[in-house]
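Participant: One structure is given below, represented as structure tokens, and several questions about it will come after.
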Number of protein chains: 4
Amino acid sequence: MTVLKVFSKPKLKNAILIEGLPGVGNIGRVAAGYLVEELGAKKFAELHSKWFFPFVMLHDNHRIHLLKNEFYYVKAKKKGHRDLVILVGDCQSLSPQGHYEVAEKILDFAEKMGVKEIITIGGITTGELESNSKKVIGAVTDEKDLKKYKKLKIDFDASEKVGYIVGAVGLLLGLWKQRNKDGLCLLGQTTGLPIVTDPKAAENVLNVLTKILDIKVDMKKLDKKVREMEHFIKKIESLQKRALMEITSGSEQGGKKAEEQTRYIG
Amino acid sequence: MTVLKVFSKPKLKNAILIEGLPGVGNIGRVAAGYLVEELGAKKFAELHSKWFFPFVMLHDNHRIHLLKNEFYYVKAKKKGHRDLVILVGDCQSLSPQGHYEVAEKILDFAEKMGVKEIITIGGITTGELESNSKKVIGAVTDEKDLKKYKKLKIDFDASEKVGYIVGAVGLLLGLWKQRNKDGLCLLGQTTGLPIVTDPKAAENVLNVLTKILDIKVDMKKLDKKVREMEHFIKKIESLQKRALMEITSGSEQGGKKAEEQTRYIG
Amino acid sequence: MTVLKVFSKPKLKNAILIEGLPGVGNIGRVAAGYLVEELGAKKFAELHSKWFFPFVMLHDNHRIHLLKNEFYYVKAKKKGHRDLVILVGDCQSLSPQGHYEVAEKILDFAEKMGVKEIITIGGITTGELESNSKKVIGAVTDEKDLKKYKKLKIDFDASEKVGYIVGAVGLLLGLWKQRNKDGLCLLGQTTGLPIVTDPKAAENVLNVLTKILDIKVDMKKLDKKVREMEHFIKKIESLQKRALMEITSGSEQGGKKAEEQTRYIG
Amino acid sequence: MTVLKVFSKPKLKNAILIEGLPGVGNIGRVAAGYLVEELGAKKFAELHSKWFFPFVMLHDNHRIHLLKNEFYYVKAKKKGHRDLVILVGDCQSLSPQGHYEVAEKILDFAEKMGVKEIITIGGITTGELESNSKKVIGAVTDEKDLKKYKKLKIDFDASEKVGYIVGAVGLLLGLWKQRNKDGLCLLGQTTGLPIVTDPKAAENVLNVLTKILDIKVDMKKLDKKVREMEHFIKKIESLQKRALMEITSGSEQGGKKAEEQTRYIG
């Protein structure tokens with residue numbers, strides 16, 4: 001039961017999928033969400049799944065909605081641009097098999113919609129409190145792709161130290177490679193707690209991403225946008241706390257911190 | 001393996017489903033259970049599922065039964081009334097995917113039985129010990145429904161602060177909305193521990209609900225009823241403690257408290 | 001993937017299934033295992049499942065085998081006797097849905113083999129260290145069955161206090177009742193830790209059970225048998241410790257105790 | 001969703017499958033990986049599964065890949081040799097049912113490829129710091145096989161004390177036996193933490209294994225090879241730490257230690 005609800009079927013050609021689901025520092029979520037706003041992307045499909053939290057979210061105007069992932073698109077506006085599909089959402093899956101099943105569903109749909117390449121956006125905690133040197137770390141499905149990104153400020157050498165990438169950011173790329181297709185992953189370095197939204201790291205990733213896509217996006221509004229999204233972000237952080245609590249159950253620290261802020265509803 | 005056992009097929013028209021499964025403060029369970037009694041509702045179906053606890057309950061007269069959810073109905077008795085389906089039960093699902101699968105099964109059956117609208121009842125812990133001001137908080141599937149409930153003492157503005165709703169109370173509504181259908185959720189505020197039954201909060205919700213349904217229910221018997229149900233409620237609280245233990249595994253507090261009262265049988 | 005391997009198909013008539021899988025105090029396992037030995041019951045089928053631990057056991061003679069449940073039978077030898085099917089095994093399921101799925105598989109097979117009634121055997125911890133008064137507590141699927149067991153020393157009134165029964169002991173009975181069939185559950189009271197085998201409690205249950213079945217079994221060998229089974233029992237206790245650890249994860253006590261004795265193999 | 005990707009179909013006859021997936025001391029992984037290198041075995045298939053961690057690994061050259069198990073083969077080079085299939089990989093399954101499902105998939109494929117016998121390699125922690133006496137402990141599917149291994153330094157008597165074998169090492173053998181086929185399990189004793197790679201124990205197992213297979217392998221390069229694999233091994237140890245954390249959730253020690261080294265990515 002992973003259900004796709006398709007509202008319209010835009011004709012896309014040679015499209016790139018940008019993934020930005022909630023994760024470390026919510027870097028992907030903020031970056032992709034900002035792109036949706038700035039580019040005026042149109043929502044054309046959404047997905048919900050039994051692998052998500054058994055929660056509904058409460059919106060403005062007292063309305064509820066299921067946790068979901070959403071697909072937006074923007075058609076190329078000039079030469080050199082590519083059609084874009086942007087994937088944002090409220091959450092990722094709770095369990096390993098859910099991660100795999102939802103990722104496959106997303107990729108099946110992306111292929112059908114004409115997506116040829118994907119770029120996933122995530123974060124990575126450095127564990128230290130370095131103030132300025134927030135890098136963007138990259139990884140690719142195929143070595144040949146490295147040339148394309150040579151001139152950009154992406155640190156491809158750090159990926160060796162990273163070791164592995166958890167969740168949709170990594171899995172979408174890994175399963176996409178399995179289909180003999182190309183992709184790139186951009187990880188923004190963040191210094192704080194994994195569940196605290198880091199708009200600066202998101203901006204760093206956006207700076208790289210817009211160069212890849214050859215588009216211009218006004219970064220000035222990013223901070224303002226993040227403040228506007230604050231309430232929504234708080235909810236997502238809260239969901240991630242619960243997810244983290246499940247993942248680190250058994251570790252007192254994670255569990256305790258998350259628990260302190262748990263309220264019971266239902 | 002979520003199995004529906006249907007005893008009879010009442011002909012219902014334009015019916016409302018009232019859901020009251022065990023949850024925070026057992027507010028839904030108590031409120032819906034009281035309606036079943038006061039309205040003389042008739043049981044017509046029950047559901048059990050592999051997603052429930054692998055337990056059987058022991059009843060009066062030394063009999064055992066599987067954990068189950070039960071469907072009751074009352075036909076409209078006069079103009080302005082609606083046919084009602086009331087869903088009560090011993091428990092909710094243990095795992096996320098179970099919540100989704102059981103909720104879909106319930107909604108499939110409700111649709112087939114002629115249900116057009118649903119009202120789910122739950123609770124919310126305030127986290128503070130405010131003595132008197134126990135509100136009923138509401139949320140809807142669609143903004144247009146707000147007008148209907150305008151004159152009733154439902155706090156629709158608090159829902160924003162609530163953020164999300166866990167379990168059947170939220171999920172039934174969210175999945176129902178996905179079917180383009182309308183519904184309402186009523187959350188009774190409760191001040192104590194999430195697993196301690198709060199009849200007063202249930203009464204607050206019932207006061208609102210009976211006005212919506214335009215029916216009269218004698219609240220005087222509620223306390224008495226709750227006392228009569230005490231043994232049954234203890235078992236449900238015990239089940240919830242175990243569920244909470246699973247959910248908050250990793251958090252010492254939840255785990256420990258629950259564990260102290262665990263006895264081993266089987 | 002719950003697989004039945006059937007070695008032979010004995011013709012059974014109006015048979016009773018006796019279930020004794022590992023559980024609290026291993027009372028069912030010891031009682032049913034002793035019946036198998038004393039009555040010379042023949043093995044005719046076994047079951048393994050993906051819901052069991054992902055372990056194999058090591059036997060005498062350095063051989064390994066999958067964790068399994070085993071079906072034995074004894075044909076009635078004189079008038080008044082009933083054909084018996086005895087279910088013993090290494091373990092129960094690890095997860096809730098596994099419990100339900102394996103129980104349904106067992107009952108499907110039992111029905112096909114001509115079983116009309118089931119008696120499940122388990123244990124219950126009293127939580128206190130009472131020395132002598134180890135009762136046998138009973139519960140039934142239908143009140144009418146109480147008459148049959150009236151004259152036996154079964155405490156049917158305590159079941160109300162017990163509240164619910166976990167695992168195969170309860171679930172087999174609950175799902176059997178759902179098929180409109182009759183059954184009885186016998187719980188031996190045990191005073192110690194839930195995972196320590198209690199042969200005395202098993203004997204108490206056997207005393208009641210042999211009267212129900214109208215058979216004679218020499219209890220003198222029980223202690224000796226348990227000593228012979230000691231090594232096997234240790235392994236089962238070890239499995240149960242791990243299961244308990246999973247169930248009570250989040251509770252320090254359960255977790256810690258189990259962990260102290262965990263060795264890593266694989 | 002356990003997917004086999006088959007690159008070529010070598011014609012194998014009467015082949016032996018050698019399994020060496022990550023596990024205690026990574027003994028199987030190191031031993032089987034070393035055989036792949038020394039014998040110049042060719043990769044012909046790989047497997048990924050939703051039962052694995054929802055991770056991708058980062059390789060040299062900044063490339064990502066899905067977690068996977070890999071099948072290699074070597075054809076017999078002279079009389080007395082057997083065709084070999086060698087199974088190595090990044091990880092085992094995370095959940096019990098995953099272990100069973102992946103193991104069945106592996107065995108189905110092995111049978112189809114002409115495998116007649118399997119040898120699984122694992123480790124066992126002794127719990128004590130004995131310096132020299134690292135034994136190789138064995139277990140078989142059938143007693144008759146013991147004769148074959150009589151003259152080799154395999155301790156078949158210790159298996160009784162071991163009690164049970166966790167994961168692929170045991171389960172592949174148990175499910176293979178269920179298919180009425182023969183196999184052997186070799187467990188290298190290791191003295192340290194279960195997740196620290198022990199090349200010495202791997203060498204002990206290789207000494208026995210090469211005698212069984214009647215092949216010669218130069219052990220001198222083993223240490224060098226392990227150093228070369230160091231980075232890869234660190235990642236596998238890291239995965240195992242997370243797995244162990246899940247398995248021992250509830251036990252402070254396991255949880256805490258693992259948590260200290262957890263970084264958040266995604």
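The way I read the labels, and the way they are meant: chains A, B, ... in the order of the structure tokens, residue 1 as the first residue of every chain, and ligand 1 as the first ligand shown, with later ones counted on from there.
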Neighbours of Ile212 (chain B) within 12 Å (only C-alpha atoms; same-chain residues fewer than 6 positions away dropped), as a list in words?
Facilitator: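 Counting only C-alpha atoms, the residues come to Ile16, Ile18, Gly80, His81, Arg82, Ile118, Ile119, Lys148, Tyr149, Lys150, Lys151, Leu152, Lys153, Ile154, Leu184, Leu186, Val205 and Leu206 of chain B.
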Participant: Would you mind exporting the chosen residues as a short mmCIF file (atom, residue, chain, number, x, y, z; two decimals), in the first residue's frame, restricted to N, CA, C and O atoms?
Facilitator:
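Written output follows (again.cif):
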data_model
loop_
_atom_site.label_atom_id
_atom_site.label_comp_id
_atom_site.auth_asym_id
_atom_site.auth_seq_id
_atom_site.Cartn_x
_atom_site.Cartn_y
_atom_site.Cartn_z
N ILE B 16 -23.52 8.20 9.38
CA ILE B 16 -22.30 8.76 9.96
C ILE B 16 -21.60 7.65 10.76
O ILE B 16 -22.26 6.95 11.53
N ILE B 18 -19.16 6.87 13.76
CA ILE B 18 -18.52 7.44 14.95
C ILE B 18 -17.43 6.47 15.39
O ILE B 18 -17.73 5.32 15.73
N GLY B 80 -34.26 14.58 10.93
CA GLY B 80 -33.10 15.34 11.44
C GLY B 80 -32.03 14.40 11.98
O GLY B 80 -30.87 14.77 12.11
N HIS B 81 -32.44 13.19 12.34
CA HIS B 81 -31.45 12.19 12.78
C HIS B 81 -30.77 11.55 11.57
O HIS B 81 -31.30 11.58 10.47
N ARG B 82 -29.64 10.95 11.84
CA ARG B 82 -28.96 10.21 10.77
C ARG B 82 -28.75 8.77 11.23
O ARG B 82 -28.63 8.50 12.43
N ILE B 118 -17.57 10.69 8.52
CA ILE B 118 -17.09 10.06 9.75
C ILE B 118 -16.69 11.10 10.80
O ILE B 118 -16.25 12.20 10.47
N ILE B 119 -16.90 10.72 12.05
CA ILE B 119 -16.44 11.55 13.17
C ILE B 119 -15.57 10.67 14.05
O ILE B 119 -16.03 9.64 14.55
N LYS B 148 -20.51 24.34 9.48
CA LYS B 148 -21.48 23.46 10.16
C LYS B 148 -21.29 23.45 11.67
O LYS B 148 -22.22 23.28 12.44
N TYR B 149 -20.01 23.56 12.08
CA TYR B 149 -19.71 23.36 13.50
C TYR B 149 -19.46 24.67 14.24
O TYR B 149 -19.09 24.68 15.40
N LYS B 150 -19.73 25.77 13.55
CA LYS B 150 -19.44 27.11 14.06
C LYS B 150 -19.98 27.38 15.45
O LYS B 150 -19.29 27.89 16.33
N LYS B 151 -21.24 27.04 15.64
CA LYS B 151 -21.91 27.44 16.89
C LYS B 151 -21.60 26.51 18.06
O LYS B 151 -22.02 26.73 19.18
N LEU B 152 -20.88 25.45 17.77
CA LEU B 152 -20.58 24.48 18.84
C LEU B 152 -19.27 24.84 19.53
O LEU B 152 -18.44 25.54 18.97
N LYS B 153 -19.15 24.39 20.76
CA LYS B 153 -17.94 24.71 21.53
C LYS B 153 -16.77 23.81 21.13
O LYS B 153 -16.33 22.95 21.89
N ILE B 154 -16.31 23.99 19.92
CA ILE B 154 -15.15 23.24 19.44
C ILE B 154 -14.03 24.23 19.17
O ILE B 154 -14.25 25.24 18.51
N LEU B 184 -14.85 14.75 10.55
CA LEU B 184 -14.52 15.63 11.66
C LEU B 184 -13.80 14.82 12.72
O LEU B 184 -14.08 13.63 12.89
N LEU B 186 -12.76 14.97 16.84
CA LEU B 186 -12.95 15.66 18.12
C LEU B 186 -11.97 15.11 19.15
O LEU B 186 -11.97 13.92 19.44
N VAL B 205 -16.60 15.68 25.19
CA VAL B 205 -16.74 15.35 23.77
C VAL B 205 -18.17 14.93 23.45
O VAL B 205 -18.75 15.35 22.43
N LEU B 206 -18.76 14.14 24.33
CA LEU B 206 -20.15 13.70 24.11
C LEU B 206 -21.12 14.88 24.04
O LEU B 206 -22.07 14.87 23.26
#
Participant: If we count only C-alpha atoms and set the cut-off at 6 Å, which residues sit around region 188-198 of chain A, ignoring sequence neighbours fewer than 5 positions away in its own chain? Please answer as a ChimeraX atom specification.
Facilitator: /A:24-26,123-126,129,134-136,205,237
Participant: My list of candidates is B:Gly28, B:Pro10, B:Gly40, B:Pro199. Which is closest to chain A when distances are computed with only C-alpha atoms?
Facilitator: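 The shortest atom-to-atom distance to chain A comes from B:Gly28.
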Participant: Just asking: which residues within region 173-234 of chain B are helix (DSSP H, G or I) according to DSSP, as a PyMOL selection string?
Facilitator: chain B and resi 173-178+199-213+221-228+230-234
Participant: With N, CA, C and O atoms kept, could you save the residues just selected as a compact mmCIF listing (two decimals), in the first residue's frame?
Facilitator:
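Just written: selection.txt:
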# COMPACT_ATOMS: atom_id res chain seq x y z
N LEU B 173 -9.50 9.54 9.28
CA LEU B 173 -9.92 10.80 8.68
C LEU B 173 -9.06 11.14 7.45
O LEU B 173 -9.59 11.56 6.42
N GLY B 174 -7.77 10.94 7.58
CA GLY B 174 -6.87 11.27 6.48
C GLY B 174 -7.12 10.40 5.26
O GLY B 174 -7.13 10.88 4.12
N LEU B 175 -7.33 9.11 5.48
CA LEU B 175 -7.57 8.20 4.37
C LEU B 175 -8.98 8.40 3.78
O LEU B 175 -9.23 8.13 2.61
N TRP B 176 -9.89 8.83 4.63
CA TRP B 176 -11.26 9.14 4.20
C TRP B 176 -11.25 10.37 3.29
O TRP B 176 -11.93 10.40 2.26
N LYS B 177 -10.47 11.36 3.67
CA LYS B 177 -10.31 12.56 2.86
C LYS B 177 -9.73 12.19 1.49
O LYS B 177 -10.12 12.73 0.46
N GLN B 178 -8.80 11.25 1.50
CA GLN B 178 -8.18 10.77 0.27
C GLN B 178 -9.23 10.20 -0.69
O GLN B 178 -9.03 10.15 -1.88
N PRO B 199 -13.10 10.05 32.15
CA PRO B 199 -14.53 10.11 31.80
C PRO B 199 -15.02 11.54 31.61
O PRO B 199 -15.91 11.79 30.80
N LYS B 200 -14.44 12.49 32.36
CA LYS B 200 -14.88 13.89 32.25
C LYS B 200 -14.59 14.42 30.83
O LYS B 200 -15.45 15.08 30.23
N ALA B 201 -13.40 14.11 30.32
CA ALA B 201 -13.06 14.55 28.96
C ALA B 201 -13.97 13.88 27.94
O ALA B 201 -14.37 14.49 26.94
N ALA B 202 -14.32 12.61 28.22
CA ALA B 202 -15.25 11.90 27.33
C ALA B 202 -16.61 12.59 27.35
O ALA B 202 -17.27 12.73 26.30
N GLU B 203 -17.05 13.05 28.52
CA GLU B 203 -18.33 13.75 28.62
C GLU B 203 -18.30 15.06 27.82
O GLU B 203 -19.25 15.39 27.13
N ASN B 204 -17.18 15.76 27.92
CA ASN B 204 -17.04 17.01 27.14
C ASN B 204 -17.22 16.74 25.65
O ASN B 204 -17.90 17.49 24.96
N VAL B 205 -16.60 15.68 25.19
CA VAL B 205 -16.74 15.35 23.77
C VAL B 205 -18.17 14.93 23.45
O VAL B 205 -18.75 15.35 22.43
N LEU B 206 -18.76 14.14 24.33
CA LEU B 206 -20.15 13.70 24.11
C LEU B 206 -21.12 14.88 24.04
O LEU B 206 -22.07 14.87 23.26
N ASN B 207 -20.88 15.89 24.86
CA ASN B 207 -21.74 17.08 24.83
C ASN B 207 -21.73 17.73 23.45
O ASN B 207 -22.77 18.16 22.95
N VAL B 208 -20.57 17.79 22.87
CA VAL B 208 -20.46 18.35 21.52
C VAL B 208 -21.08 17.40 20.49
O VAL B 208 -21.87 17.80 19.62
N LEU B 209 -20.73 16.14 20.61
CA LEU B 209 -21.15 15.15 19.62
C LEU B 209 -22.67 15.01 19.56
O LEU B 209 -23.26 14.92 18.46
N THR B 210 -23.31 14.98 20.71
CA THR B 210 -24.78 14.82 20.71
C THR B 210 -25.46 16.03 20.06
O THR B 210 -26.50 15.89 19.44
N LYS B 211 -24.84 17.20 20.21
CA LYS B 211 -25.42 18.37 19.53
C LYS B 211 -25.27 18.22 18.02
O LYS B 211 -26.20 18.52 17.28
N ILE B 212 -24.13 17.75 17.57
CA ILE B 212 -23.93 17.53 16.13
C ILE B 212 -24.95 16.53 15.60
O ILE B 212 -25.55 16.73 14.54
N LEU B 213 -25.18 15.47 16.36
CA LEU B 213 -26.07 14.41 15.92
C LEU B 213 -27.54 14.73 16.22
O LEU B 213 -28.44 13.98 15.83
N LYS B 221 -25.56 8.79 33.79
CA LYS B 221 -25.12 7.40 33.97
C LYS B 221 -23.67 7.19 33.55
O LYS B 221 -23.13 6.10 33.71
N LEU B 222 -23.05 8.22 32.99
CA LEU B 222 -21.71 8.01 32.43
C LEU B 222 -20.71 7.54 33.49
O LEU B 222 -20.01 6.54 33.29
N ASP B 223 -20.68 8.24 34.62
CA ASP B 223 -19.74 7.84 35.67
C ASP B 223 -20.00 6.41 36.15
O ASP B 223 -19.07 5.63 36.31
N LYS B 224 -21.27 6.13 36.34
CA LYS B 224 -21.65 4.78 36.77
C LYS B 224 -21.18 3.75 35.73
O LYS B 224 -20.59 2.72 36.08
N LYS B 225 -21.43 4.06 34.50
CA LYS B 225 -21.03 3.17 33.41
C LYS B 225 -19.52 2.93 33.42
O LYS B 225 -19.05 1.80 33.27
N VAL B 226 -18.80 4.01 33.58
CA VAL B 226 -17.34 3.88 33.59
C VAL B 226 -16.91 2.99 34.76
O VAL B 226 -16.01 2.16 34.62
N ARG B 227 -17.55 3.14 35.90
CA ARG B 227 -17.22 2.27 37.04
C ARG B 227 -17.53 0.82 36.72
O ARG B 227 -16.78 -0.08 37.05
N GLU B 228 -18.68 0.60 36.05
CA GLU B 228 -19.03 -0.76 35.66
C GLU B 228 -18.00 -1.36 34.68
O GLU B 228 -17.72 -2.54 34.70
N GLU B 230 -15.01 -0.70 34.68
CA GLU B 230 -13.67 -0.53 35.26
C GLU B 230 -12.72 -1.68 34.94
O GLU B 230 -11.59 -1.47 34.53
N HIS B 231 -13.25 -2.92 35.10
CA HIS B 231 -12.36 -4.05 34.88
C HIS B 231 -11.91 -4.12 33.43
O HIS B 231 -10.72 -4.32 33.14
N PHE B 232 -12.85 -3.92 32.52
CA PHE B 232 -12.54 -3.92 31.10
C PHE B 232 -11.53 -2.80 30.77
O PHE B 232 -10.57 -3.00 30.03
N ILE B 233 -11.78 -1.64 31.37
CA ILE B 233 -10.91 -0.48 31.11
C ILE B 233 -9.49 -0.76 31.62
O ILE B 233 -8.51 -0.41 30.96
N LYS B 234 -9.39 -1.41 32.74
CA LYS B 234 -8.06 -1.76 33.27
C LYS B 234 -7.28 -2.59 32.26
O LYS B 234 -6.09 -2.42 32.06
Participant: In region 53-204 of chain B, what's strand (DSSP E) per DSSP? Answer as an MDAnalysis selection string?
Facilitator: chainID B and resid 55:58 64:66 69:74 84:89 115:125 136:140 164:166 182:190
